[in-house]
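Trainee: What follows is my_file_24.pdb, PDB, C-alpha atoms.
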MODEL        1
ATOM      1  CA  MET A  31      -1.736  -9.279  11.978  1.00  0.00           C
ATOM      2  CA  ASN A  32      -4.330  -7.682  14.201  1.00  0.00           C
ATOM      3  CA  PHE A  33      -4.090  -6.988  17.921  1.00  0.00           C
ATOM      4  CA  LYS A  34      -6.800  -5.607  20.133  1.00  0.00           C
ATOM      5  CA  TYR A  35      -6.102  -2.690  22.435  1.00  0.00           C
ATOM      6  CA  LYS A  36      -5.682  -3.787  26.037  1.00  0.00           C
ATOM      7  CA  SER A  37      -7.629  -2.092  28.793  1.00  0.00           C
ATOM      8  CA  LEU A  38      -4.944  -1.160  31.319  1.00  0.00           C
ATOM      9  CA  PRO A  39      -5.893  -0.070  34.833  1.00  0.00           C
ATOM     10  CA  ARG A  40      -4.897   3.299  36.265  1.00  0.00           C
ATOM     11  CA  LYS A  41      -4.393   4.352  39.840  1.00  0.00           C
ATOM     12  CA  ASP A  42      -6.714   7.296  39.402  1.00  0.00           C
ATOM     13  CA  GLY A  43      -9.444   7.181  36.832  1.00  0.00           C
ATOM     14  CA  PRO A  44     -10.940   4.656  34.470  1.00  0.00           C
ATOM     15  CA  PRO A  45      -8.868   2.066  32.593  1.00  0.00           C
ATOM     16  CA  ARG A  46      -7.125   3.287  29.472  1.00  0.00           C
ATOM     17  CA  LYS A  47      -7.272   1.387  26.190  1.00  0.00           C
ATOM     18  CA  THR A  48      -3.676   0.926  25.103  1.00  0.00           C
ATOM     19  CA  PRO A  49      -2.147  -0.400  21.863  1.00  0.00           C
ATOM     20  CA  THR A  50       0.042  -3.310  22.957  1.00  0.00           C
ATOM     21  CA  ILE A  51       1.612  -6.167  21.020  1.00  0.00           C
ATOM     22  CA  PRO A  52       3.419  -9.362  22.059  1.00  0.00           C
ATOM     23  CA  VAL A  53       7.072  -9.332  20.982  1.00  0.00           C
ATOM     24  CA  THR A  54       9.924 -11.762  21.535  1.00  0.00           C
ATOM     25  CA  PHE A  55      13.174  -9.923  22.278  1.00  0.00           C
ATOM     26  CA  ILE A  56      16.199 -12.024  21.360  1.00  0.00           C
ATOM     27  CA  GLY A  57      19.484 -10.932  22.929  1.00  0.00           C
ATOM     28  CA  PRO A  58      22.927 -12.481  23.222  1.00  0.00           C
ATOM     29  CA  GLU A  59      22.111 -14.138  26.552  1.00  0.00           C
ATOM     30  CA  ASP A  60      18.359 -14.720  26.636  1.00  0.00           C
ATOM     31  CA  SER A  61      15.146 -14.333  24.694  1.00  0.00           C
ATOM     32  CA  ILE A  62      12.067 -13.024  26.450  1.00  0.00           C
ATOM     33  CA  ASP A  63       8.407 -12.755  25.463  1.00  0.00           C
ATOM     34  CA  ILE A  64       7.113  -9.327  26.435  1.00  0.00           C
ATOM     35  CA  VAL A  65       3.958  -7.346  25.808  1.00  0.00           C
ATOM     36  CA  ALA A  66       5.122  -3.919  24.639  1.00  0.00           C
ATOM     37  CA  ILE A  67       3.343  -0.662  24.001  1.00  0.00           C
ATOM     38  CA  LEU A  68       3.378   0.247  20.317  1.00  0.00           C
ATOM     39  CA  ASP A  69       4.323   3.919  20.427  1.00  0.00           C
ATOM     40  CA  SER A  70       4.145   5.907  17.199  1.00  0.00           C
ATOM     41  CA  GLY A  71       5.355   8.977  19.107  1.00  0.00           C
ATOM     42  CA  ALA A  72       8.648   7.377  20.100  1.00  0.00           C
ATOM     43  CA  ASP A  73      11.595   7.812  17.732  1.00  0.00           C
ATOM     44  CA  ILE A  74      13.159   4.601  18.997  1.00  0.00           C
ATOM     45  CA  SER A  75      12.271   1.595  21.130  1.00  0.00           C
ATOM     46  CA  VAL A  76      12.951   1.696  24.864  1.00  0.00           C
ATOM     47  CA  LEU A  77      13.739  -1.041  27.384  1.00  0.00           C
ATOM     48  CA  PRO A  78      14.046  -0.821  31.177  1.00  0.00           C
ATOM     49  CA  LEU A  79      17.479  -1.591  32.608  1.00  0.00           C
ATOM     50  CA  GLU A  80      16.607  -5.014  34.013  1.00  0.00           C
ATOM     51  CA  VAL A  81      15.308  -6.225  30.653  1.00  0.00           C
ATOM     52  CA  GLY A  82      18.399  -4.988  28.828  1.00  0.00           C
ATOM     53  CA  GLU A  83      20.623  -6.725  31.371  1.00  0.00           C
ATOM     54  CA  GLN A  84      18.695 -10.005  31.151  1.00  0.00           C
ATOM     55  CA  LEU A  85      18.964  -9.980  27.362  1.00  0.00           C
ATOM     56  CA  GLY A  86      22.701  -9.378  27.645  1.00  0.00           C
ATOM     57  CA  LEU A  87      22.742  -6.119  25.704  1.00  0.00           C
ATOM     58  CA  ASP A  88      25.865  -3.969  25.701  1.00  0.00           C
ATOM     59  CA  LEU A  89      25.152  -1.149  28.136  1.00  0.00           C
ATOM     60  CA  THR A  90      28.619   0.360  28.056  1.00  0.00           C
ATOM     61  CA  LYS A  91      28.595   1.908  24.600  1.00  0.00           C
ATOM     62  CA  ASN A  92      26.604   4.617  22.886  1.00  0.00           C
ATOM     63  CA  ARG A  93      25.521   6.283  26.096  1.00  0.00           C
ATOM     64  CA  SER A  94      23.544   9.485  25.821  1.00  0.00           C
ATOM     65  CA  PRO A  95      20.809  11.421  27.564  1.00  0.00           C
ATOM     66  CA  CYS A  96      17.365  10.888  26.091  1.00  0.00           C
ATOM     67  CA  GLY A  97      14.569  13.385  26.498  1.00  0.00           C
ATOM     68  CA  GLY A  98      10.828  13.092  26.452  1.00  0.00           C
ATOM     69  CA  ILE A  99       7.694  14.100  28.262  1.00  0.00           C
ATOM     70  CA  GLY A 100       8.945  12.033  31.200  1.00  0.00           C
ATOM     71  CA  GLY A 101      12.070  14.189  31.457  1.00  0.00           C
ATOM     72  CA  GLU A 102      15.663  13.382  30.610  1.00  0.00           C
ATOM     73  CA  VAL A 103      17.242  10.024  31.403  1.00  0.00           C
ATOM     74  CA  ASP A 104      20.592   8.398  30.669  1.00  0.00           C
ATOM     75  CA  THR A 105      20.419   5.612  28.126  1.00  0.00           C
ATOM     76  CA  ALA A 106      22.657   3.158  26.292  1.00  0.00           C
ATOM     77  CA  GLU A 107      21.861   2.222  22.715  1.00  0.00           C
ATOM     78  CA  ASP A 108      22.262  -1.256  21.251  1.00  0.00           C
ATOM     79  CA  HIS A 109      20.469  -3.452  18.760  1.00  0.00           C
ATOM     80  CA  VAL A 110      18.213  -6.363  19.592  1.00  0.00           C
ATOM     81  CA  ARG A 111      16.483  -8.971  17.461  1.00  0.00           C
ATOM     82  CA  VAL A 112      12.700  -8.980  17.695  1.00  0.00           C
ATOM     83  CA  ARG A 113      10.175 -11.550  16.573  1.00  0.00           C
ATOM     84  CA  ILE A 114       6.507 -10.839  16.115  1.00  0.00           C
ATOM     85  CA  ALA A 115       4.133 -13.616  15.211  1.00  0.00           C
ATOM     86  CA  GLN A 116       0.457 -14.361  14.852  1.00  0.00           C
ATOM     87  CA  GLY A 117      -1.089 -17.376  13.164  1.00  0.00           C
ATOM     88  CA  HIS A 118       0.989 -18.316  10.129  1.00  0.00           C
ATOM     89  CA  GLU A 119       2.786 -14.957  10.078  1.00  0.00           C
ATOM     90  CA  ASN A 120       6.182 -14.791  11.746  1.00  0.00           C
ATOM     91  CA  TYR A 121       8.700 -11.971  11.262  1.00  0.00           C
ATOM     92  CA  THR A 122      12.145 -11.542  12.784  1.00  0.00           C
ATOM     93  CA  PHE A 123      14.450  -8.558  12.350  1.00  0.00           C
ATOM     94  CA  ASP A 124      16.805  -6.262  14.270  1.00  0.00           C
ATOM     95  CA  ILE A 125      15.841  -2.937  15.784  1.00  0.00           C
ATOM     96  CA  PRO A 126      17.817  -0.313  17.701  1.00  0.00           C
ATOM     97  CA  VAL A 127      16.851   0.125  21.352  1.00  0.00           C
ATOM     98  CA  LYS A 128      17.670   2.581  24.070  1.00  0.00           C
ATOM     99  CA  VAL A 129      18.035   1.005  27.503  1.00  0.00           C
ATOM    100  CA  VAL A 130      17.141   3.360  30.357  1.00  0.00           C
ATOM    101  CA  LEU A 131      20.050   3.108  32.795  1.00  0.00           C
ATOM    102  CA  ASP A 132      18.209   4.360  35.875  1.00  0.00           C
ATOM    103  CA  PRO A 133      17.046   1.251  37.790  1.00  0.00           C
ATOM    104  CA  ARG A 134      14.316   3.329  39.467  1.00  0.00           C
ATOM    105  CA  SER A 135      12.705   4.212  36.159  1.00  0.00           C
ATOM    106  CA  SER A 136       9.166   2.954  35.729  1.00  0.00           C
ATOM    107  CA  ILE A 137       9.262   3.093  31.953  1.00  0.00           C
ATOM    108  CA  PRO A 138       7.385   0.250  30.259  1.00  0.00           C
ATOM    109  CA  VAL A 139       8.731  -1.513  27.180  1.00  0.00           C
ATOM    110  CA  LEU A 140       8.019   0.727  24.204  1.00  0.00           C
ATOM    111  CA  ILE A 141       8.259  -0.183  20.538  1.00  0.00           C
ATOM    112  CA  GLY A 142       9.154   3.005  18.711  1.00  0.00           C
ATOM    113  CA  ARG A 143       9.403   3.840  15.057  1.00  0.00           C
ATOM    114  CA  GLU A 144      13.051   3.321  14.102  1.00  0.00           C
ATOM    115  CA  GLY A 145      13.635  -0.136  12.656  1.00  0.00           C
ATOM    116  CA  PHE A 146      10.084  -1.327  13.359  1.00  0.00           C
ATOM    117  CA  PHE A 147       7.569   0.965  11.715  1.00  0.00           C
ATOM    118  CA  GLU A 148       9.283   0.764   8.319  1.00  0.00           C
ATOM    119  CA  GLU A 149       8.732  -3.005   8.330  1.00  0.00           C
ATOM    120  CA  PHE A 150       4.958  -2.732   8.416  1.00  0.00           C
ATOM    121  CA  GLU A 151       2.027  -0.678   7.278  1.00  0.00           C
ATOM    122  CA  ILE A 152       0.613   0.070  10.710  1.00  0.00           C
ATOM    123  CA  THR A 153      -2.925   1.230  11.395  1.00  0.00           C
ATOM    124  CA  PHE A 154      -4.145   2.403  14.778  1.00  0.00           C
ATOM    125  CA  ASP A 155      -7.910   1.955  14.598  1.00  0.00           C
ATOM    126  CA  GLU A 156      -9.122   3.810  17.674  1.00  0.00           C
ATOM    127  CA  SER A 157     -12.812   3.272  16.923  1.00  0.00           C
ATOM    128  CA  ARG A 158     -12.367  -0.504  16.779  1.00  0.00           C
ATOM    129  CA  GLU A 159      -9.617  -0.487  19.448  1.00  0.00           C
ATOM    130  CA  ARG A 160      -7.371  -2.466  17.150  1.00  0.00           C
ATOM    131  CA  ILE A 161      -3.876  -2.298  15.686  1.00  0.00           C
ATOM    132  CA  SER A 162      -3.220  -3.720  12.249  1.00  0.00           C
ATOM    133  CA  LEU A 163       0.292  -4.610  11.067  1.00  0.00           C
ATOM    134  CA  LYS A 164       0.682  -5.460   7.418  1.00  0.00           C
ATOM    135  CA  ARG A 165       4.151  -6.525   6.361  1.00  0.00           C
ATOM    136  CA  ILE A 166       5.624  -4.337   3.654  1.00  0.00           C
ATOM    137  CA  ALA A 167       6.824  -6.463   0.764  1.00  0.00           C
ATOM    138  CA  ARG A 168      10.510  -5.996  -0.028  1.00  0.00           C
ATOM    139  CA  ARG A 169      11.893  -6.277  -3.536  1.00  0.00           C
TER
ATOM    140  CA  MET B 605       7.994 -17.648  20.748  1.00  0.00           C
ATOM    141  CA  GLN B 606       5.050 -16.481  22.792  1.00  0.00           C
ATOM    142  CA  THR B 607       2.208 -18.921  23.058  1.00  0.00           C
ATOM    143  CA  ASN B 608      -1.267 -17.950  22.102  1.00  0.00           C
ATOM    144  CA  ASP B 609      -2.527 -19.096  25.504  1.00  0.00           C
ATOM    145  CA  ASN B 610      -0.328 -16.574  27.262  1.00  0.00           C
ATOM    146  CA  TYR B 611      -1.380 -13.706  25.032  1.00  0.00           C
ATOM    147  CA  LEU B 612      -5.048 -14.583  25.486  1.00  0.00           C
ATOM    148  CA  GLY B 613      -4.421 -14.785  29.218  1.00  0.00           C
ATOM    149  CA  TYR B 614      -2.904 -11.317  29.123  1.00  0.00           C
ATOM    150  CA  MET B 615      -5.790  -9.888  27.122  1.00  0.00           C
ATOM    151  CA  THR B 616      -8.396 -11.247  29.520  1.00  0.00           C
ATOM    152  CA  ALA B 617      -6.521 -10.712  32.799  1.00  0.00           C
ATOM    153  CA  ASP B 618      -7.674  -8.077  35.247  1.00  0.00           C
ATOM    154  CA  LEU B 619      -4.359  -6.385  36.035  1.00  0.00           C
ATOM    155  CA  LYS B 620      -5.729  -3.833  38.510  1.00  0.00           C
ATOM    156  CA  ARG B 621      -4.053  -5.415  41.520  1.00  0.00           C
ATOM    157  CA  TYR B 622      -0.644  -5.331  39.811  1.00  0.00           C
ATOM    158  CA  LEU B 623      -0.257  -1.580  39.252  1.00  0.00           C
ATOM    159  CA  GLY B 624       3.430  -0.721  38.971  1.00  0.00           C
ATOM    160  CA  GLU B 625       4.481  -4.373  38.834  1.00  0.00           C
ATOM    161  CA  TRP B 626       5.821  -6.798  36.287  1.00  0.00           C
ATOM    162  CA  VAL B 627       3.421  -9.648  35.653  1.00  0.00           C
ATOM    163  CA  ALA B 628       4.372 -13.035  34.209  1.00  0.00           C
ATOM    164  CA  ILE B 629       1.794 -15.221  32.504  1.00  0.00           C
ATOM    165  CA  CYS B 630       2.205 -18.928  31.838  1.00  0.00           C
ATOM    166  CA  ASN B 631      -0.436 -21.425  30.703  1.00  0.00           C
ATOM    167  CA  GLY B 632      -2.712 -18.426  30.276  1.00  0.00           C
ATOM    168  CA  LYS B 633      -2.577 -17.411  33.949  1.00  0.00           C
ATOM    169  CA  VAL B 634      -0.688 -14.897  36.051  1.00  0.00           C
ATOM    170  CA  ILE B 635       1.919 -16.980  37.875  1.00  0.00           C
ATOM    171  CA  SER B 636       4.190 -14.312  39.338  1.00  0.00           C
ATOM    172  CA  HIS B 637       4.345 -10.569  39.868  1.00  0.00           C
ATOM    173  CA  ASP B 638       6.862  -8.204  41.395  1.00  0.00           C
ATOM    174  CA  PRO B 639       8.040  -4.605  41.018  1.00  0.00           C
ATOM    175  CA  SER B 640      11.368  -6.102  39.866  1.00  0.00           C
ATOM    176  CA  PHE B 641      11.411  -7.568  36.368  1.00  0.00           C
ATOM    177  CA  LYS B 642      14.112 -10.053  37.320  1.00  0.00           C
ATOM    178  CA  LYS B 643      12.257 -11.362  40.373  1.00  0.00           C
ATOM    179  CA  ALA B 644       9.029 -11.830  38.404  1.00  0.00           C
ATOM    180  CA  TYR B 645      10.912 -13.471  35.523  1.00  0.00           C
ATOM    181  CA  ILE B 646      12.986 -15.838  37.681  1.00  0.00           C
ATOM    182  CA  GLU B 647       9.928 -16.925  39.653  1.00  0.00           C
ATOM    183  CA  ALA B 648       8.016 -17.503  36.410  1.00  0.00           C
ATOM    184  CA  LYS B 649      10.857 -19.634  35.029  1.00  0.00           C
ATOM    185  CA  ARG B 650      10.894 -21.589  38.300  1.00  0.00           C
ATOM    186  CA  GLN B 651       7.172 -22.267  38.150  1.00  0.00           C
ATOM    187  CA  CYS B 652       7.094 -22.910  34.403  1.00  0.00           C
ATOM    188  CA  PRO B 653      10.535 -24.372  33.721  1.00  0.00           C
ATOM    189  CA  LYS B 654       9.758 -25.896  30.341  1.00  0.00           C
ATOM    190  CA  LYS B 655       7.611 -23.087  28.982  1.00  0.00           C
ATOM    191  CA  ARG B 656       8.058 -19.494  27.966  1.00  0.00           C
ATOM    192  CA  PRO B 657       6.321 -16.979  30.217  1.00  0.00           C
ATOM    193  CA  LEU B 658       4.919 -13.772  28.767  1.00  0.00           C
ATOM    194  CA  LEU B 659       5.861 -10.678  30.741  1.00  0.00           C
ATOM    195  CA  THR B 660       4.442  -7.207  30.872  1.00  0.00           C
ATOM    196  CA  ARG B 661       4.729  -4.191  33.112  1.00  0.00           C
ATOM    197  CA  VAL B 662       1.471  -2.696  34.349  1.00  0.00           C
ATOM    198  CA  PRO B 663       1.949   1.088  34.346  1.00  0.00           C
ATOM    199  CA  ASP B 664       1.243   2.815  37.637  1.00  0.00           C
ATOM    200  CA  GLN B 665       0.879   6.190  36.019  1.00  0.00           C
ATOM    201  CA  ASP B 666      -0.161   7.554  32.680  1.00  0.00           C
ATOM    202  CA  THR B 667       2.477   6.403  30.255  1.00  0.00           C
ATOM    203  CA  MET B 668       5.110   9.018  29.651  1.00  0.00           C
ATOM    204  CA  ILE B 669       6.138   8.936  26.036  1.00  0.00           C
ATOM    205  CA  PHE B 670       9.686   9.323  24.824  1.00  0.00           C
TER
ENDMDL
END
How does this structure look as structure tokens?
Mentor:
Amino acid sequence: MNFKYKSLPRKDGPPRKTPTIPVTFIGPEDSIDIVAILDSGADISVLPLEVGEQLGLDLTKNRSPCGGIGGEVDTAEDHVRVRIAQGHENYTFDIPVKVVLDPRSSIPVLIGREGFFEEFEITFDESRERISLKRIARR
Amino acid sequence: MQTNDNYLGYMTADLKRYLGEWVAICNGKVISHDPSFKKAYIEAKRQCPKKRPLLTRVPDQDTMIF
């Protein structure tokens, strides 16, 4: 599967080419199609509070502070099913996610490494502004 | 499952006016936007009741990475 980088606007400065992919998040209460940022620098995937609530994720367990360049925030960890599809390819599997509990957070949906990057051989082709995901064959 | 139309609509949309907002795309077009995910999502489901909208948040600052 190949996805082009998306040119995202910025308040100050020129647009920034960003590696994004369309993902269906499937929770206990809803399933939602979302364009997420594919983030090789993130240990784990991240969802804003409202998305976690809409999916019906359990936000009461596995609470912990989570640190990054954006500072430290309180999170709750759960698992969510994700589906990624393009053309005849269609893959569904579970990944862990941290839901940011601060409703004022402006964090976008991030797909991090744990549970996702081991499913694919992923290439970030900056020169062609393209992400390639090749499913890793399992024995 | 996301439709190809919605993804193509996202890729070609000029999102400049939606900085800091959630945007919902249905039938390849932006049909709702709001700083609140839930408001944008509910309005998109109201306008496109039988289809699946595609949502994304347009960052209003350089993305801070976890």
Trainee: Which polymer residues have any atom within 8 Å of an atom of range 629-645 of chain B, counting all atoms listed in the file, with same-chain residues fewer than 4 positions away left out, as a list in words?
Mentor: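 Those residues are Glu80, Val81 and Gln84 of chain A; Asp609, Asn610, Tyr611, Leu612, Gly613, Tyr614, Ala617, Tyr622, Gly624, Glu625, Lys649, Gln651, Cys652, Lys655, Arg656, Pro657, Leu658 and Leu659 of chain B.
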Trainee: Applied to the shown file, which residues does the ChimeraX specification (/B :<9) & /A return, written as a ChimeraX atom specification?
Mentor: /A:34-42,45-46,52-54,61-66,69,71-76,78,80-81,84,96-101,113-117,136-140,142
Trainee: What does the structure give for the distance between CA of Ser70 in chain A and CA of Phe147 in chain A, in Å to one decimal?
Mentor: 8.1 Å
Trainee: Go through the shown structure with the PyMOL selection byres ((chain A and resi 87) around 9) and write out the matching residues as a PyMOL selection string.
Mentor: chain A and resi 57-59+81-86+88-89+107-110+129
Trainee: One decimal, Å: what's the distance from CA of Leu68 in chain A over to CA of Thr90 in chain A, could you say?
Mentor: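 Distance reported for this atom pair: 26.4 Å.
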Trainee: How many Å separate CA of Lys164 in chain A from CA of Glu148 in chain A?
Mentor: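 Those two atoms sit 10.7 Å apart.
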Trainee: Show me the residues around (17.8, 4.9, 36.9) - criterion: an atom at most 9 Å away, only C-alpha atoms counted - as a PDB file with C-alpha atoms, in the coordinates of the input.
Mentor:
ATOM      1  CA  PRO A  78      14.046  -0.821  31.177  1.00  0.00           C
ATOM      2  CA  LEU A  79      17.479  -1.591  32.608  1.00  0.00           C
ATOM      3  CA  VAL A 103      17.242  10.024  31.403  1.00  0.00           C
ATOM      4  CA  ASP A 104      20.592   8.398  30.669  1.00  0.00           C
ATOM      5  CA  VAL A 130      17.141   3.360  30.357  1.00  0.00           C
ATOM      6  CA  LEU A 131      20.050   3.108  32.795  1.00  0.00           C
ATOM      7  CA  ASP A 132      18.209   4.360  35.875  1.00  0.00           C
ATOM      8  CA  PRO A 133      17.046   1.251  37.790  1.00  0.00           C
ATOM      9  CA  ARG A 134      14.316   3.329  39.467  1.00  0.00           C
ATOM     10  CA  SER A 135      12.705   4.212  36.159  1.00  0.00           C
ATOM     11  CA  SER A 136       9.166   2.954  35.729  1.00  0.00           C
TER      12      SER A 136
END
Trainee: Apply the PyMOL selection byres ((chain A and resi 152-160) around 6) to the displayed file and report the matching residues as a list in words.
Mentor: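 After applying the PyMOL selection byres ((chain A and resi 152-160) around 6), what remains is Phe33, Lys34, Tyr35, Phe150, Glu151, Ile161, Ser162 and Leu163 of chain A.
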